[in-house]
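First comes the structure, then the notes that go with it.
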Amino acid sequence: ANSTGNSGTGANLNVVYQRCDWAIDPRSGKNISGTVTIYFKTTQPNVSTINFDLNKSSFNNASLVVTYHGAACSKSFPSSAPVNILNITLPVNIAASNTLDSVSITYSGTPPAVSGAAQGYQTSGSGGNRYVNTLSESYEDRDWWPCKADMQDKIDSMDIIVNVPWLPSSANKDTFWVAANGVLVDSTITSATNRRFIYKTRYPIASYLVAISVAKFTRYHRTLNIGGTNTPVVYYFLWNRSNLAPKVAAMDKVNEVVLAFSSKFGDYPFKLEKHGFYDGLLGAGGMEHQTFSAIAPGALEDIPTLVHELMHQWFGDNVTFATWNDLWLAEGFARYSESLAAELVPSLGYNAYSILNSYKSSALGLITASTWIPNGNIGNSDLIWNSNYGSTVYERGCMVVSMLRALSGDAKFFEACTNYQTSLKGKSATTDSLKNHFNAVLGIDISEFFKDYVGGSGSGTTAVGGIGNPINTVNWNTPAAKKLVLQMGSQTRTGGSNVSYFNGPVVVHATNAASGWTKDTTIVFFDWGGGNVSYAGNGLSAPDPSKVLVYDLSFTPTHLFYDDSA
């Protein structure tokens with residue numbers, strides 16, 4: 001199998017297990033040292049060289065040692081771009097394909113500084129309150145640990161071992177603690193000055209979702225019953241954080257959302273390990289580290305942010321986009337979930353309609369870039385996040401999800417999403433993967449919708465759609481009492497659109513008055529172009545040969561309005 005990661009590393013192997021054994025002392029500056037052992041299976045015969053992603057400027061020094069069964073390996077980095085690739089020559093040839101083997105990489109250094117949207121491994125705080133925090137999305141995993149940065153070759157299993165200073169003195173108020181993915185199985189004090197934390201995760205994980213934070217934390221623990229499994233719920237706050245009660249209350253409210261989302265998309269994907277949030281994220285409002293989302297200090301009480309990172313545990317973590325082109329598969333669903341959570345759990349106390357409508361307004365202003373990201377904009381974190389694509393994946397992606405729900409109706413929408421989560425559990429997906437699940441449930445091909453509104457699937461240089469918006473005219477009349485007849489009129493498109501005709505759902509309200517109506521009904525139909533239309537909103541019918549849709553209502557409509565929430 002060839003590498004599908006952006007750097008091309010690991011093309012002759014599949015990563016099976018990684019054991020990361022690190023030493024981190026936030027007081028001493030922004031350094032990391034340790035040994036990462038990578039177990040892999042060869043995917044071709046006669047493997048004599050392998051490579052992984054690792055930052056050259058930070059770690060190409062005398063401390064870098066690679067061993068294979070105890071024997072030293074020769075190693076090098078490229079002299080020209082891309083340079084952040086550790087090439088390893090094995091002392092012997094691995095003769096057979098599908099051979100399980102391993103190498104150990106010992107290294108030490110100072111990860112790079114923040115650069116634009118690239119965060120990576122950073123420190124914050126001062127004195128005894130300094131802490132270490134990681135945010136690897138999109139390409140900054142290599143900035144602090146050797147990995148195969150490839151969402152299509154997730155690490156099947158990991159042990160994360162972090163050695164930190166042990167500070168028993170009461171003058172220190174607290175000692176360092178470690179936040180990481182998975183289950184904390186040990187926190188042994190191994191010497192007068194060292195404490196060793198061991199986390200284990202047995203779910204497949206993409207390298208950019210691996211995270212650690214070393215800080216002094218105040219810790220809260222809960223338990224949530226998810227489908228009969230008692231799942232640990234954990235919150236870590238920086239120990240000097242004041243007024244924790246409202247922050248804990250906000251996170252507790254999200255537990256209701258965990259259950260609500262589990263009922264709609266299948267059980268929380270990591271219920272055998274944990275769900276939770278930890279404080280101190282640098283460089284973003286939130287980050288969906290698998291099993292344990294990091295939250296910025298200013299967002300600890302912001303329920304939409306907490307919900308957004310929670311939804312990522314399904315869309316982004318359990319099922320990851322296969323390449324950064326399809327980032328919207330994570331961000332679109334997570335953004336939409338902010339509205340969905342308010343709808344499903346009214347006690348959260350915010351308005352689902354207003355949230356979704358605000359994102360629709362934003363999406364309507366983003367008409368020059370597609371939801372899908374072309375290859376030219378996935379080369380580094382700045383190209384992704386500090387561009388229009390850094391917004392379209394959220395806002396236009398959100399509205400694609402909203403339209404999918406509108407055209408499918410709730411039963412089939414959640415069925416398709418659950419099937420997608422179940423069949424691709426622990427794997428990665430493209431836009432076509434999602435499309436295929438909707439096609440299967442709907443029993444009709446909506447490829448044109450995805451082409452027009454998303455603009456691509458997987459790797460590609462040019463969007464085939466996704467730029468611009470339609471402006472529709474709907475013709476209607478009431479030939480008899482309580483009867484409504486609809487047909488498509490015309491469609492114009494915003495300037496610069498790369499779509500000749502947008503195929504998709506149209507949502508209208510039929511009412512019995514111009515304003516202050518007492519009766520209304522929502523109608524969803526699908527516009528295929530050329531006057532062809534289908535009944536939608538409860539499954540999707542084949543296009544009606546008459547090009548006319550007839551609805552029997554409980555009242556005689558006098559006005560028709562566009563639904564501005566879909």
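Residue numbers start at 1 in each chain; chains themselves are named A, B, ... in the order of the structure tokens; ligands are numbered from 1 in the order shown.
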Return as CSV the residues of region 105-207 of chain A lying at most 9 Å from region 291-314 of chain A, together with the closest atom-to-atom pair for each and the distance in Å to one decimal, counting only C-alpha atoms, with rows in chain order and ascending residue number.
residue,atom,partner,partner_atom,distance
A:Leu135,CA,A:Ala294,CA,8.6
A:Ala179,CA,A:Phe292,CA,8.1
A:Ala180,CA,A:Phe292,CA,7.1
A:Asn181,CA,A:Thr291,CA,5.8
A:Gly182,CA,A:Thr291,CA,6.1
A:Val183,CA,A:Thr291,CA,9.0
If you keep C-alpha atoms, can you produce a file of those selected residues as a tab-separated table (two decimals), in the first residue's frame?
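Dumped everything to result-v7.tsv:
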chain	number	residue	atom	x	y	z
A	135	LEU	CA	-2.18	21.00	19.28
A	179	ALA	CA	-3.50	14.79	30.37
A	180	ALA	CA	-3.45	12.39	27.42
A	181	ASN	CA	-5.61	10.14	25.27
A	182	GLY	CA	-7.18	6.98	26.60
A	183	VAL	CA	-7.18	5.45	30.07
Quick one: DSSP helix (DSSP H, G or I) residues in region 203-435 of chain A, as a ChimeraX atom specification?
/A:207-209,245-265,297-299,303-312,324-326,328-344,346-348,352-364,375-377,381-385,389-392,395-408,410-423,431-435
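Closest to Ile378 (chain A) among A:Lys483, A:Tyr268, A:Met488, A:Ser138 is A:Ser138, based on only C-alpha atoms.
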Counting only C-alpha atoms, the residue of A:Asn498, A:Asn351, A:Asn163, A:Ser457 that sits nearest Phe197 (chain A):
A:Asn163
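Non-sequential neighbours of Ile189 (chain A) (distance at most 12 Å, separation of 2 or more positions within a chain, only C-alpha atoms) are A:Val162, A:Asn163, A:Val164, A:Pro165, A:Trp166, A:Leu167, A:Pro168, A:Thr175, A:Phe176, A:Trp177, A:Asp186, A:Ser187, A:Ser191, A:Ala192, A:Thr193, A:Asn194, A:Arg195, A:Arg196, A:Phe197, A:Ile198.
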Apply DSSP to the backbone of this structure and, from region 195-409 of chain A, keep only the residues in strand (DSSP E or B); write these as a PyMOL selection string.
chain A and resi 195-201+205+212-215+217-226+229-238+275-279+286-287+293-295+315+319-321
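Among the candidates A:Lys360, A:Lys264, A:Arg335, A:Lys451, the residue lying nearest to Gln421 (chain A) is A:Lys264 (atoms considered: only C-alpha atoms).
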